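In what follows, a structure is listed as structure tokens, so that the remarks can point back to it.
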Number of protein chains: 2
Amino acid sequence: MKVTKRNKLKNNGWVVGSTSDFLGLSDEEEMLINIKLTLASELKSRRQQVKITQSELAKRLGSSQSRVAKMESADSSVSLELLVRSLACFGASQAEIGKMIIGKKSVKKKQQSTMAK
Amino acid sequence: MKVTKRNKLKNNGWVVGSTSDFLGLSDEEEMLINIKLTLASELKSRRQQVKITQSELAKRLGSSQSRVAKMESADSSVSLELLVRSLACFGASQAEIGKMIIGKKSVKKKQQSTMAK
DNA sequence: CAGGGGTATGTCAGTATTGACATACCCCTG
DNA sequence: CAGGGGTATGTCAATACTGACATACCCCTG
């Protein structure tokens, strides 16, 4: 599994659509990152909406403040799985998660990769 | 992280909406499993559509036949991440992935958990 | 300037996930 | 029955992810 490039990405304040392009990320990786960024910012805004601190959220998740911070910044050490689980903890339904991933403003056309039908 | 229960689930031929209920899975875990089942079956059907074997797909993914089998059966040892990555490899766009997760027929109403707004 | 609440970053030991491999289990067709 | 192509299941060493902890970095307000 290639993590090398992802580790390079010190992506913090991101605008959710303009990821990479200039780094040589494959389409798949790029999409994955995009998804993570989307969920991450959704998580952050949901937490802020409820006005709780990262530490409080951490407690409810059975995690730690530092990990919450990493989640919210879509740190390369957090898995999609954890993000989804956390959103679920805020009451996000499966359908809502799906919608988040789709995203309001579609951001980039993708032509598919090596094997599309 | 609790994996114990998930390991119990020898879920193979699943109808994507009727998961668990009778096992004491938390809502979050249940949703996660549902998502995985959905993506897994999508992956399988896409592979079949293109008429390639698990081994061929494995090669393209840089993985192995056994892992592909596990993915397609939503084995508890495969991550959401891997499923998404694999679907991406078939040319699935971010939006398509989102739609898959939403699912055609909504299956279950969820009332949210401890902290929803 | 000092302290404090909130957030970010780094590290680490424990756990989970991964690809590879072996092997078993189907069908088939001969 | 024998082989073979495809799929499933189990195991394992390597790698990735996780929570916890320490610590730094903001703001503030006093």
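For the structure tokens, the naming scheme is as follows: chains receive sequential letters (A, B, ...) according to their order of presentation, residues are indexed from 1 within each chain, and ligands are indexed from 1 in presentation order.
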
Residues at most 12 Å from DC28 of chain C, counting only C-alpha atoms (C1' of nucleotides), excluding those fewer than 6 positions away in the same chain, as a list in words? DG3, DG4, DG5 and DG6 of chain D

Which residues of chain C sit at most 12 Å from chain A, using only C-alpha atoms (C1' of nucleotides)? Give each one's shortest atom pair and distance in Å (one decimal place), in chain and ascending residue order, as a tab-separated table.
```
residue	atom	partner	partner_atom	distance
C:DG5	C1'	A:Thr53	CA	9.8
C:DG6	C1'	A:Thr53	CA	7.2
C:DT7	C1'	A:Ala69	CA	7.1
C:DA8	C1'	A:Ala69	CA	6.9
C:DT9	C1'	A:Ser66	CA	8.5
C:DG10	C1'	A:Ser66	CA	10.4
C:DA16	C1'	A:Ser79	CA	11.6
C:DT17	C1'	A:Met1	CA	11.0
C:DT18	C1'	A:Met1	CA	8.0
C:DG19	C1'	A:Met1	CA	9.2
```

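Across the model, the gap from atom CA of Ala40 of chain A to atom CA of Met71 of chain A is 6.0 Å.
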
Between D:DA8, D:DA22, D:DA13, D:DC27, single out the one closest to chain B, counting only C-alpha atoms (C1' of nucleotides).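 Answer, going by the shortest atom-to-atom distance: D:DA8.
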
Quick one: which residues from chain D are at most 10 Å off chain A, using only C-alpha atoms (C1' of nucleotides), as a compact mmCIF listing (two decimals) with C-alpha atoms (C1' of nucleotides), in the first residue's frame?
```txt
# COMPACT_ATOMS: atom_id res chain seq x y z
C1' DT D 15 2.43 -2.62 7.61
C1' DA D 16 -1.25 0.72 8.97
C1' DC D 17 -4.37 2.50 12.36
C1' DT D 18 -5.68 3.43 17.11
C1' DG D 19 -6.01 5.51 21.78
C1' DA D 20 -3.23 7.51 25.09
C1' DC D 21 -0.07 10.65 26.57
```

Rank B:Met31, B:Leu43, B:Gln48, B:Leu61 by their smallest atom-to-atom distance to chain A, using only C-alpha atoms, and report the top residue only. B:Met31
